[in-house]
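J.: run_0.tsv (TSV, C-alpha atoms) pasted underneath:
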```tsv
chain	number	residue	atom	x	y	z
A	660	MET	CA	0.00	0.00	0.00
A	661	ASP	CA	1.47	3.38	-0.99
A	662	GLU	CA	1.32	6.51	1.17
A	663	ALA	CA	-1.74	7.95	-0.58
A	664	GLN	CA	-3.77	4.80	0.03
A	665	TRP	CA	-2.48	4.64	3.58
A	666	VAL	CA	-3.59	8.22	4.26
A	667	ASP	CA	-7.09	7.55	2.93
A	668	GLU	CA	-7.48	4.24	4.73
A	669	LEU	CA	-6.35	5.71	8.05
A	670	TYR	CA	-8.70	8.66	7.74
A	671	LYS	CA	-11.57	6.33	6.82
A	672	ALA	CA	-10.82	4.18	9.86
A	673	PHE	CA	-10.80	7.33	11.99
A	674	TRP	CA	-14.15	8.74	10.87
A	675	ARG	CA	-15.80	5.36	11.27
A	676	THR	CA	-15.03	5.56	15.00
A	677	LEU	CA	-17.11	8.74	15.30
A	678	PRO	CA	-20.78	8.87	16.30
A	679	GLY	CA	-22.99	8.09	13.31
A	680	MET	CA	-24.41	11.61	13.19
A	681	LEU	CA	-20.92	12.93	12.31
A	682	HIS	CA	-20.05	10.45	9.56
A	683	ALA	CA	-21.29	12.45	6.57
A	684	GLU	CA	-19.64	15.66	7.73
A	685	ALA	CA	-16.36	13.87	8.52
A	686	GLN	CA	-16.27	12.20	5.11
A	687	GLY	CA	-16.55	15.58	3.38
A	688	LEU	CA	-14.33	17.50	5.79
A	689	ALA	CA	-11.83	18.65	3.13
A	690	TYR	CA	-14.73	20.16	1.17
A	691	THR	CA	-16.18	21.81	4.28
A	692	LEU	CA	-12.81	23.44	4.97
A	693	GLY	CA	-12.56	24.74	1.41
A	694	LEU	CA	-9.64	22.50	0.49
A	695	SER	CA	-11.35	20.50	-2.24
A	696	PRO	CA	-14.01	21.24	-4.89
A	697	SER	CA	-16.28	18.35	-3.89
A	698	ARG	CA	-17.00	15.93	-1.08
A	699	ASP	CA	-15.73	13.06	-3.21
A	700	VAL	CA	-12.08	14.20	-3.19
A	701	PRO	CA	-10.04	12.05	-0.76
A	702	TRP	CA	-7.45	13.62	1.52
A	703	SER	CA	-4.63	12.09	-0.52
A	704	ALA	CA	-5.71	14.23	-3.50
A	705	VAL	CA	-6.06	17.51	-1.62
A	706	PHE	CA	-2.42	18.63	-1.60
A	707	SER	CA	0.04	18.96	-4.45
A	708	ASN	CA	2.76	16.92	-2.74
A	709	GLU	CA	2.86	13.71	-0.77
A	710	ILE	CA	5.00	14.89	2.12
A	711	THR	CA	2.45	17.32	3.58
A	712	LEU	CA	0.23	14.54	4.90
A	713	ALA	CA	2.61	11.57	4.85
A	714	ALA	CA	5.97	12.84	6.13
A	715	PRO	CA	6.46	10.13	8.81
A	716	ALA	CA	5.73	7.33	6.34
A	717	LEU	CA	8.27	8.69	3.86
A	718	LEU	CA	10.89	9.15	6.58
A	719	ALA	CA	10.34	5.63	7.92
A	720	GLU	CA	12.65	4.36	5.18
A	721	ALA	CA	15.52	5.64	7.32
A	722	MET	CA	14.18	3.76	10.37
A	723	PRO	CA	13.99	0.11	9.26
A	724	ASN	CA	13.86	-1.24	12.82
A	725	VAL	CA	10.53	0.47	13.61
A	726	ARG	CA	7.44	-1.74	13.47
A	727	GLY	CA	4.83	-1.06	10.80
A	728	ALA	CA	2.15	-0.44	13.42
A	729	THR	CA	4.29	2.32	14.95
A	730	VAL	CA	4.81	3.97	11.57
A	731	GLN	CA	1.06	3.78	11.02
A	732	ASP	CA	0.39	5.52	14.32
A	733	ALA	CA	2.93	8.24	13.49
A	734	LEU	CA	1.30	8.77	10.10
A	735	LEU	CA	-2.15	8.95	11.71
A	736	ALA	CA	-0.96	11.48	14.30
A	737	HIS	CA	0.65	13.64	11.61
A	738	LEU	CA	-2.32	13.41	9.24
A	739	LEU	CA	-4.80	14.39	11.94
A	740	ALA	CA	-2.53	17.18	13.20
A	741	VAL	CA	-2.46	18.78	9.76
A	742	ILE	CA	-6.22	18.43	9.34
A	743	GLU	CA	-6.89	19.90	12.78
A	744	ALA	CA	-4.57	22.82	12.12
A	745	PHE	CA	-6.38	23.70	8.90
A	746	GLY	CA	-9.77	23.33	10.56
A	747	THR	CA	-8.92	25.53	13.51
A	748	ASP	CA	-7.40	28.18	11.27
A	749	ARG	CA	-10.38	28.29	8.91
A	750	ILE	CA	-12.73	28.77	11.85
A	751	LYS	CA	-10.65	31.51	13.47
A	752	ASP	CA	-10.22	33.23	10.11
A	753	ALA	CA	-14.01	33.13	9.55
A	754	GLN	CA	-13.52	31.22	6.31
A	755	VAL	CA	-15.90	28.49	7.47
A	756	ARG	CA	-18.88	28.51	9.80
A	757	PRO	CA	-18.13	26.84	13.17
A	758	THR	CA	-21.05	24.41	13.22
A	759	TRP	CA	-21.43	22.07	16.16
A	760	GLN	CA	-20.66	19.15	13.84
A	761	LEU	CA	-17.38	20.69	12.69
A	762	GLU	CA	-16.28	21.57	16.21
A	763	ALA	CA	-17.18	18.09	17.44
A	764	ILE	CA	-15.18	16.47	14.63
A	765	LEU	CA	-12.13	18.62	15.37
A	766	ALA	CA	-12.35	17.70	19.05
A	767	HIS	CA	-12.35	14.02	18.07
A	768	VAL	CA	-9.42	14.70	15.71
A	769	ARG	CA	-7.37	16.18	18.55
A	770	ARG	CA	-8.07	13.27	20.86
A	771	ALA	CA	-7.23	10.68	18.20
A	772	ARG	CA	-4.10	12.62	17.22
A	773	ASP	CA	-2.81	12.70	20.79
A	774	ALA	CA	-3.65	9.04	21.39
A	775	ALA	CA	-1.81	7.98	18.23
A	776	LEU	CA	1.26	10.01	19.18
A	777	GLY	CA	1.24	8.44	22.63
A	778	ARG	CA	1.44	5.00	21.05
A	779	VAL	CA	4.45	6.02	18.94
A	780	ALA	CA	6.67	7.18	21.79
A	781	PRO	CA	5.05	6.15	25.09
A	782	GLY	CA	6.58	7.74	28.16
A	783	VAL	CA	8.90	10.04	26.21
A	784	ASP	CA	9.20	13.52	27.72
A	785	ASP	CA	10.29	15.80	24.90
A	786	PRO	CA	8.79	19.26	24.21
A	787	ALA	CA	9.40	18.66	20.51
A	788	ILE	CA	6.60	16.07	20.42
A	789	ASP	CA	4.11	17.93	22.62
A	790	PHE	CA	0.97	18.68	20.60
A	791	ALA	CA	-0.66	20.48	23.53
A	792	GLY	CA	2.12	23.03	23.61
A	793	ALA	CA	2.00	23.30	19.84
A	794	ASP	CA	-1.71	24.13	19.94
A	795	ASP	CA	-1.09	27.09	22.25
A	796	GLU	CA	1.93	28.31	20.31
A	797	THR	CA	0.06	28.06	17.02
A	798	LEU	CA	-2.38	30.75	18.01
A	799	ARG	CA	0.44	33.11	18.95
A	800	ALA	CA	2.15	32.53	15.62
A	801	ILE	CA	-1.00	33.10	13.61
A	802	GLU	CA	-1.94	36.21	15.56
A	803	ALA	CA	1.56	37.67	15.24
A	804	GLU	CA	1.59	37.14	11.49
A	805	ARG	CA	-1.89	38.50	10.93
A	806	SER	CA	-1.13	41.55	13.03
A	807	LEU	CA	2.00	42.24	11.01
A	808	LEU	CA	0.29	41.75	7.66
A	809	ALA	CA	-2.66	43.92	8.67
A	810	SER	CA	-0.41	46.72	9.90
A	811	GLY	CA	1.00	47.38	6.44
A	812	GLU	CA	4.44	47.85	7.95
A	813	PRO	CA	7.46	46.51	6.04
A	814	ALA	CA	9.42	43.59	7.44
A	815	GLY	CA	12.48	41.73	6.26
A	816	PHE	CA	13.31	38.14	5.45
A	817	GLY	CA	14.52	37.48	8.99
A	818	ARG	CA	11.09	38.16	10.44
A	819	TYR	CA	9.48	36.20	7.62
A	820	TYR	CA	11.60	33.14	8.35
A	821	GLU	CA	10.91	33.43	12.08
A	822	LEU	CA	7.14	33.50	11.71
A	823	SER	CA	6.99	31.03	8.83
A	824	LEU	CA	9.03	28.45	10.69
A	825	GLY	CA	7.08	29.17	13.84
A	826	LYS	CA	3.86	28.22	12.09
A	827	GLN	CA	5.26	24.83	11.10
A	828	ARG	CA	5.25	23.13	14.50
A	829	VAL	CA	2.47	20.75	13.51
A	830	GLY	CA	4.80	19.21	10.97
A	831	PHE	CA	7.36	18.06	13.56
A	832	PRO	CA	5.98	16.03	16.49
A	833	ALA	CA	4.94	12.81	14.76
A	834	SER	CA	8.19	12.43	12.82
A	835	ILE	CA	10.32	13.30	15.86
A	836	ALA	CA	8.32	10.80	17.93
A	837	LEU	CA	9.00	8.15	15.28
A	838	ALA	CA	12.72	8.94	15.57
A	839	HIS	CA	12.44	8.35	19.33
A	840	ALA	CA	10.81	4.99	18.60
A	841	ALA	CA	13.70	4.15	16.27
A	842	GLY	CA	16.21	4.87	19.03
A	843	TRP	CA	17.78	7.82	17.26
A	844	THR	CA	20.22	9.92	19.23
A	845	ALA	CA	19.61	13.56	20.12
A	846	ALA	CA	21.99	14.57	17.32
A	847	GLN	CA	20.06	12.49	14.79
A	848	ARG	CA	16.75	13.94	15.96
A	849	GLU	CA	18.12	17.45	15.61
A	850	ALA	CA	19.26	16.62	12.08
A	851	LEU	CA	15.74	15.40	11.38
A	852	ALA	CA	14.29	18.63	12.78
A	853	ARG	CA	16.59	20.59	10.47
A	854	LEU	CA	15.49	18.49	7.52
A	855	LEU	CA	11.82	19.09	8.30
A	856	SER	CA	12.47	22.80	8.79
A	857	SER	CA	14.00	22.99	5.32
A	858	VAL	CA	11.07	21.12	3.78
A	859	TRP	CA	8.32	23.15	5.45
A	860	LEU	CA	10.02	26.49	4.82
A	861	GLY	CA	10.62	25.58	1.18
A	862	LEU	CA	6.97	24.70	0.71
A	863	GLN	CA	5.90	27.88	2.52
A	864	LEU	CA	8.07	30.04	0.28
A	865	HIS	CA	6.57	28.44	-2.82
A	866	ASP	CA	3.04	28.91	-1.53
A	867	ASP	CA	3.65	32.55	-0.61
A	868	VAL	CA	4.98	33.30	-4.10
A	869	MET	CA	2.21	31.59	-6.03
A	870	ASP	CA	-0.70	32.86	-3.94
A	871	TRP	CA	0.50	36.33	-2.99
A	872	GLN	CA	-2.13	38.22	-5.00
A	873	ASP	CA	-5.02	36.26	-3.49
A	874	ASP	CA	-3.45	36.57	-0.04
A	875	TYR	CA	-3.10	40.33	-0.46
A	876	GLN	CA	-6.75	40.73	-1.43
A	877	ARG	CA	-7.74	38.67	1.63
A	878	GLY	CA	-5.83	40.93	3.99
A	879	GLY	CA	-2.08	40.72	3.50
A	880	ALA	CA	0.76	38.99	1.67
A	881	TRP	CA	4.38	38.44	2.58
A	882	ALA	CA	5.53	39.31	-0.94
A	883	VAL	CA	4.10	42.81	-0.46
A	884	VAL	CA	5.60	43.16	3.02
A	885	LEU	CA	9.03	42.09	1.78
A	886	ALA	CA	8.79	44.31	-1.31
A	887	SER	CA	7.88	47.25	0.93
A	888	GLU	CA	10.95	46.56	3.04
A	889	HIS	CA	13.06	46.47	-0.12
A	890	HIS	CA	11.56	49.79	-1.23
A	891	ALA	CA	12.17	51.33	2.20
A	892	ARG	CA	15.83	50.34	1.98
A	893	GLY	CA	16.13	52.27	-1.27
A	894	GLN	CA	19.62	52.00	-2.68
A	895	GLY	CA	21.09	50.68	0.56
A	896	GLU	CA	22.74	47.34	1.09
A	897	PRO	CA	20.49	44.38	0.18
A	898	GLU	CA	19.19	42.41	3.12
A	899	GLU	CA	21.00	39.19	3.90
A	900	ARG	CA	18.84	36.12	3.31
A	901	ALA	CA	19.80	32.87	4.97
A	902	PRO	CA	17.00	30.30	4.88
A	903	GLU	CA	19.45	27.48	5.62
A	904	ARG	CA	20.56	29.16	8.84
A	905	ALA	CA	16.98	29.94	9.76
A	906	SER	CA	15.99	26.31	9.44
A	907	GLY	CA	19.19	25.14	11.08
A	908	SER	CA	18.94	27.30	14.18
A	909	LEU	CA	15.27	26.67	14.88
A	910	HIS	CA	15.72	23.58	17.02
A	911	ARG	CA	18.78	24.81	18.85
A	912	ALA	CA	17.27	28.14	19.82
A	913	THR	CA	14.63	26.96	22.28
A	914	GLY	CA	14.78	23.21	22.61
A	915	THR	CA	11.37	23.03	20.96
A	916	PHE	CA	10.67	24.82	17.70
A	917	GLY	CA	10.82	28.53	18.22
A	918	ALA	CA	8.68	31.04	19.99
A	919	PHE	CA	5.73	30.38	17.74
A	920	ALA	CA	4.32	27.24	16.22
A	921	THR	CA	2.10	25.37	13.81
A	922	PRO	CA	0.41	26.22	10.60
A	923	PRO	CA	-2.72	25.88	8.85
A	924	TRP	CA	-1.62	27.52	5.68
A	925	GLY	CA	2.00	27.18	6.69
A	926	ILE	CA	2.05	23.55	5.78
A	927	ALA	CA	1.94	24.74	2.24
A	928	ALA	CA	-1.58	23.97	1.31
A	929	THR	CA	-1.81	24.12	-2.43
A	930	PRO	CA	-4.95	22.10	-3.16
A	931	LYS	CA	-4.29	20.34	-6.44
A	932	ALA	CA	-7.94	19.57	-7.02
A	933	GLN	CA	-9.12	23.16	-7.03
A	934	SER	CA	-9.69	24.92	-10.32
A	935	GLU	CA	-9.23	28.55	-11.24
A	936	PRO	CA	-10.52	30.64	-14.12
A	937	PRO	CA	-8.11	31.44	-16.93
A	938	PRO	CA	-5.61	34.16	-16.03
A	939	ALA	CA	-7.12	37.60	-16.30
A	940	SER	CA	-5.66	39.94	-18.88
A	941	SER	CA	-5.35	42.66	-16.29
A	942	ALA	CA	-5.43	42.86	-12.51
A	943	PRO	CA	-8.10	44.77	-10.57
A	944	SER	CA	-7.09	48.42	-10.58
A	945	PRO	CA	-6.21	48.64	-6.82
A	946	LEU	CA	-3.80	45.75	-7.32
A	947	ILE	CA	-1.93	47.24	-10.28
A	948	PRO	CA	0.44	49.54	-8.33
A	949	VAL	CA	1.04	46.81	-5.75
A	950	ARG	CA	1.91	44.33	-8.49
A	951	ARG	CA	4.29	46.83	-10.02
A	952	MET	CA	6.05	47.36	-6.69
A	953	VAL	CA	6.34	43.61	-6.05
A	954	PHE	CA	7.56	42.78	-9.55
A	955	ASP	CA	10.01	45.70	-9.65
A	956	SER	CA	11.49	44.73	-6.28
A	957	GLY	CA	12.59	41.30	-7.49
A	958	VAL	CA	11.34	39.82	-4.22
A	959	LEU	CA	9.52	36.92	-5.91
A	960	ALA	CA	12.72	35.76	-7.59
A	961	ALA	CA	14.50	36.07	-4.23
A	962	MET	CA	11.84	33.97	-2.50
A	963	LEU	CA	12.02	31.32	-5.21
A	964	ASP	CA	15.80	31.23	-4.91
A	965	ASP	CA	15.43	30.78	-1.16
A	966	GLU	CA	12.99	27.95	-1.88
A	967	ARG	CA	15.72	26.35	-4.00
A	968	ARG	CA	18.22	26.73	-1.17
A	969	CYS	CA	15.79	25.16	1.30
A	970	PHE	CA	15.22	22.12	-0.87
A	971	ARG	CA	18.95	21.81	-1.51
A	972	ALA	CA	19.48	21.71	2.25
A	973	ALA	CA	16.60	19.22	2.61
A	974	ARG	CA	18.10	17.00	-0.09
A	975	ARG	CA	21.49	16.92	1.61
A	976	ARG	CA	20.07	16.34	5.08
A	977	ALA	CA	17.76	13.57	3.88
A	978	ALA	CA	20.67	11.83	2.15
A	979	VAL	CA	22.76	11.94	5.32
A	980	LEU	CA	19.90	10.44	7.35
A	981	GLY	CA	19.24	7.71	4.79
A	982	ALA	CA	15.82	9.00	3.72
A	983	ARG	CA	16.41	8.39	0.02
A	984	ARG	CA	12.85	8.99	-1.15
A	985	VAL	CA	12.68	12.32	0.63
A	986	ALA	CA	16.07	13.23	-0.85
A	987	ALA	CA	14.83	12.40	-4.36
A	988	TRP	CA	11.64	14.41	-3.82
A	989	ALA	CA	13.63	17.39	-2.52
A	990	GLU	CA	16.01	17.16	-5.48
A	991	ALA	CA	13.08	17.44	-7.90
A	992	ARG	CA	11.67	20.41	-5.98
A	993	GLU	CA	15.11	22.03	-5.95
A	994	ALA	CA	15.36	21.78	-9.74
A	995	GLN	CA	11.85	23.17	-10.18
A	996	ALA	CA	12.58	26.11	-7.88
A	997	ARG	CA	15.87	26.82	-9.65
A	998	GLU	CA	14.14	27.09	-13.02
A	999	LEU	CA	11.29	29.20	-11.64
A	1000	ALA	CA	13.72	31.56	-9.93
A	1001	ARG	CA	15.70	31.97	-13.15
A	1002	CYS	CA	12.60	32.68	-15.23
A	1003	GLU	CA	11.18	35.05	-12.61
A	1004	ALA	CA	14.44	37.02	-12.49
A	1005	GLU	CA	14.44	37.32	-16.29
A	1006	SER	CA	10.72	38.12	-16.60
A	1007	PRO	CA	9.08	39.45	-13.40
A	1008	GLY	CA	5.65	37.92	-12.89
A	1009	PHE	CA	6.55	34.72	-14.75
A	1010	ALA	CA	5.88	32.44	-11.78
A	1011	ASN	CA	2.38	33.80	-11.23
A	1012	ARG	CA	1.53	33.64	-14.93
A	1013	ALA	CA	2.77	30.06	-15.19
A	1014	HIS	CA	0.87	29.07	-12.05
A	1015	GLY	CA	-2.37	30.60	-13.33
A	1016	LEU	CA	-2.05	28.95	-16.73
A	1017	ASN	CA	-1.28	25.59	-15.17
A	1018	ALA	CA	-4.33	25.74	-12.89
A	1019	TRP	CA	-6.54	26.83	-15.78
A	1020	ALA	CA	-5.25	24.06	-18.04
A	1021	LYS	CA	-5.91	21.43	-15.38
A	1022	ALA	CA	-9.46	22.67	-14.92
A	1023	VAL	CA	-10.22	22.86	-18.64
A	1024	LEU	CA	-8.39	19.77	-19.86
A	1025	ALA	CA	-9.14	17.45	-16.94
```
Show how you would write the structure in this file as structure tokens.
T.:
Amino acid sequence: MDEAQWVDELYKAFWRTLPGMLHAEAQGLAYTLGLSPSRDVPWSAVFSNEITLAAPALLAEAMPNVRGATVQDALLAHLLAVIEAFGTDRIKDAQVRPTWQLEAILAHVRRARDAALGRVAPGVDDPAIDFAGADDETLRAIEAERSLLASGEPAGFGRYYELSLGKQRVGFPASIALAHAAGWTAAQREALARLLSSVWLGLQLHDDVMDWQDDYQRGGAWAVVLASEHHARGQGEPEERAPERASGSLHRATGTFGAFATPPWGIAATPKAQSEPPPASSAPSPLIPVRRMVFDSGVLAAMLDDERRCFRAARRRAAVLGARRVAAWAEAREAQARELARCEAESPGFANRAHGLNAWAKAVLA
């Protein structure tokens, strides 16, 4: 059974444990949360990459001594953690109505998530695998980011890395717990944390480039914030960007994963089943000067180049740990980011045009 089938079977087994009155809503949860165009789309088809929902299963290749049942529990904990993070975020962001059914399902998700994690690493006391702490920290991360984006104030890449990595906490506990089950040393677990940091930050960078115009119209976009910072600097020295150091220092800084935490959108949600209309010939008039500022700043090419650097770091770290499939996946993402960054630097706006055309083609030609 491949990871996609595993994800769908585990989620099906989960919702079947719920009270009967919640079954229909649980089956169509991705649709309710606005992550899929219909109730028939399984969770394995919601995201554009396999690692978002199945990271522990992909990493298990490097842990051959771990029992299959333990890997399954780690995958279940991770899968439910991602789903819960999206659900909570959509409710707090008023993107979905908090019905009693939805809130009841998310409560069951949290309980099942925590129970599964407890089976992976029973008795282990490590803040890095504490979902309860992550839940509290998540809210602080989300609120800090939203406050910054709403303020309209410029901010640099350092702040962007800090908040983006902070939102990723949900992507760590299950895989770190699996490493505990495998008997990995503290040094190996830190290397794994660095690998995951590189992966999640790379995906976040990609998401924030491709969706920046929609994000801006919904209330704020990092591309605009970073472009404003570039504009404020004028002809001064360019800001140093070091995504590898940001991902590398995250674990060491606090012993957990930074002052903030998980992500709903930070786990790079790019629903591959959603369709978009063909790219418009011109942007809405209020967006035109903003687009000009963003494109002229070169910040999108810089973000894509940082994405490339993140996936390069992920590839190298995965290879060292023996996670060959993750290394191969990261290598492909590195090559894609390299080409996008090159094209964006040569023709500002290329990445957004290509993304829009690709989404339109999928919708029309599917």
J.: Here is a test: counting all atoms listed in the file, which residue of A:Met869, A:Met962, A:Ala987, A:Ala663 is nearest to Asn1017 (chain A)?
T.: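 Looking at the shortest contact to Asn1017 (chain A), the residue is A:Met869.
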J.: In Å to one decimal, how far is CA of Gly981 (chain A) from CA of Ala721 (chain A)?
T.: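 Interatomic distance, CA of Ala721 (chain A) to CA of Gly981 (chain A): 5.0 Å.
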J.: Can you tell me, as number ranges by chain, what residues are no more than 12 Å from Arg726 (chain A) when counting only C-alpha atoms, ignoring any on the same chain fewer than 6 positions away?
T.: A: 716, 719-720, 732-733, 778-779, 837, 840-841
J.: Quick check, in Å to one decimal: how far apart do CA of Leu712 (chain A) and CA of Leu738 (chain A) lie?
T.: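 Interatomic distance, CA of Leu712 (chain A) to CA of Leu738 (chain A): 5.2 Å.
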J.: My list of candidates is A:Leu959, A:Val858, A:Ala845, A:Ala728. Which is closest to Gln872 (chain A) when distances are computed with all atoms listed in the file?
T.: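 Answer, going by the shortest atom-to-atom distance: A:Leu959.
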J.: What's the 8 Å shell around region 991-994 of chain A, counting only C-alpha atoms, without same-chain residues fewer than 5 positions away, as an MDAnalysis selection string?
T.: chainID A and resid 966:971
J.: Could you check how far CA of Arg772 (chain A) sits from CA of Ile801 (chain A), in Å to one decimal?
T.: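 According to the coordinates, CA of Arg772 (chain A) and CA of Ile801 (chain A) are separated by 21.0 Å.
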J.: Go through A:Arg983, A:Arg853, A:His890, A:His1014 one by one, measure the shortest atom-to-atom distance of each to Gly830 (chain A) using only C-alpha atoms, and give the residue with the smallest value.
T.: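 For Gly830 (chain A), the nearest of the candidates is A:Arg853.
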J.: Given the choices A:Leu999, A:Ala787, A:Val705, A:Leu735, which gets closest to Glu668 (chain A) if the distance is worked out from all atoms listed in the file?
T.: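 Of the candidates, the smallest distance to Glu668 (chain A) is held by A:Leu735.
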J.: Neighbouring residues of Arg770 (chain A) were defined as those with any atom within 12 Å, considering all atoms listed in the file; residues of the same chain fewer than 2 positions away were excluded. Please report them as an mmCIF file with C-alpha atoms, in the coordinates of the input.
T.:
```
data_model
loop_
_atom_site.group_PDB
_atom_site.id
_atom_site.type_symbol
_atom_site.label_atom_id
_atom_site.label_comp_id
_atom_site.auth_asym_id
_atom_site.auth_seq_id
_atom_site.Cartn_x
_atom_site.Cartn_y
_atom_site.Cartn_z
ATOM 1 C CA PHE A 673 -10.800 7.330 11.990
ATOM 2 C CA THR A 676 -15.030 5.560 15.000
ATOM 3 C CA LEU A 677 -17.110 8.740 15.300
ATOM 4 C CA LEU A 735 -2.150 8.950 11.710
ATOM 5 C CA ALA A 736 -0.960 11.480 14.300
ATOM 6 C CA LEU A 739 -4.800 14.390 11.940
ATOM 7 C CA ALA A 740 -2.530 17.180 13.200
ATOM 8 C CA GLU A 743 -6.890 19.900 12.780
ATOM 9 C CA ALA A 763 -17.180 18.090 17.440
ATOM 10 C CA ILE A 764 -15.180 16.470 14.630
ATOM 11 C CA LEU A 765 -12.130 18.620 15.370
ATOM 12 C CA ALA A 766 -12.350 17.700 19.050
ATOM 13 C CA HIS A 767 -12.350 14.020 18.070
ATOM 14 C CA VAL A 768 -9.420 14.700 15.710
ATOM 15 C CA ARG A 772 -4.100 12.620 17.220
ATOM 16 C CA ASP A 773 -2.810 12.700 20.790
ATOM 17 C CA ALA A 774 -3.650 9.040 21.390
ATOM 18 C CA ALA A 775 -1.810 7.980 18.230
ATOM 19 C CA LEU A 776 1.260 10.010 19.180
ATOM 20 C CA GLY A 777 1.240 8.440 22.630
ATOM 21 C CA PHE A 790 0.970 18.680 20.600
ATOM 22 C CA ALA A 791 -0.660 20.480 23.530
#
```
J.: Identify which of the residues A:Gly679, A:Pro715, A:Pro902, A:Gly825 lies closest to Gln760 (chain A), counting all atoms listed in the file when measuring atom-to-atom distances.
T.: A:Gly679
J.: Could you pull the residues within 6 Å of region 803-816 of chain A, counting only C-alpha atoms, minus those fewer than 5 positions along the same chain, as a list in words?
T.: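 Non-adjacent residues within range: Gly879, Val884, Leu885, Ser887 and Glu888 of chain A.
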J.: Excluding Asp748 (chain A) and residues on its chain fewer than 2 positions from it, collect all residues at most 12 Å away from it, counting all atoms listed in the file, and give them as a PyMOL selection string.
T.: chain A and resi 692-693+741-746+750-757+765+794+797-798+800-802+805+826+921-926
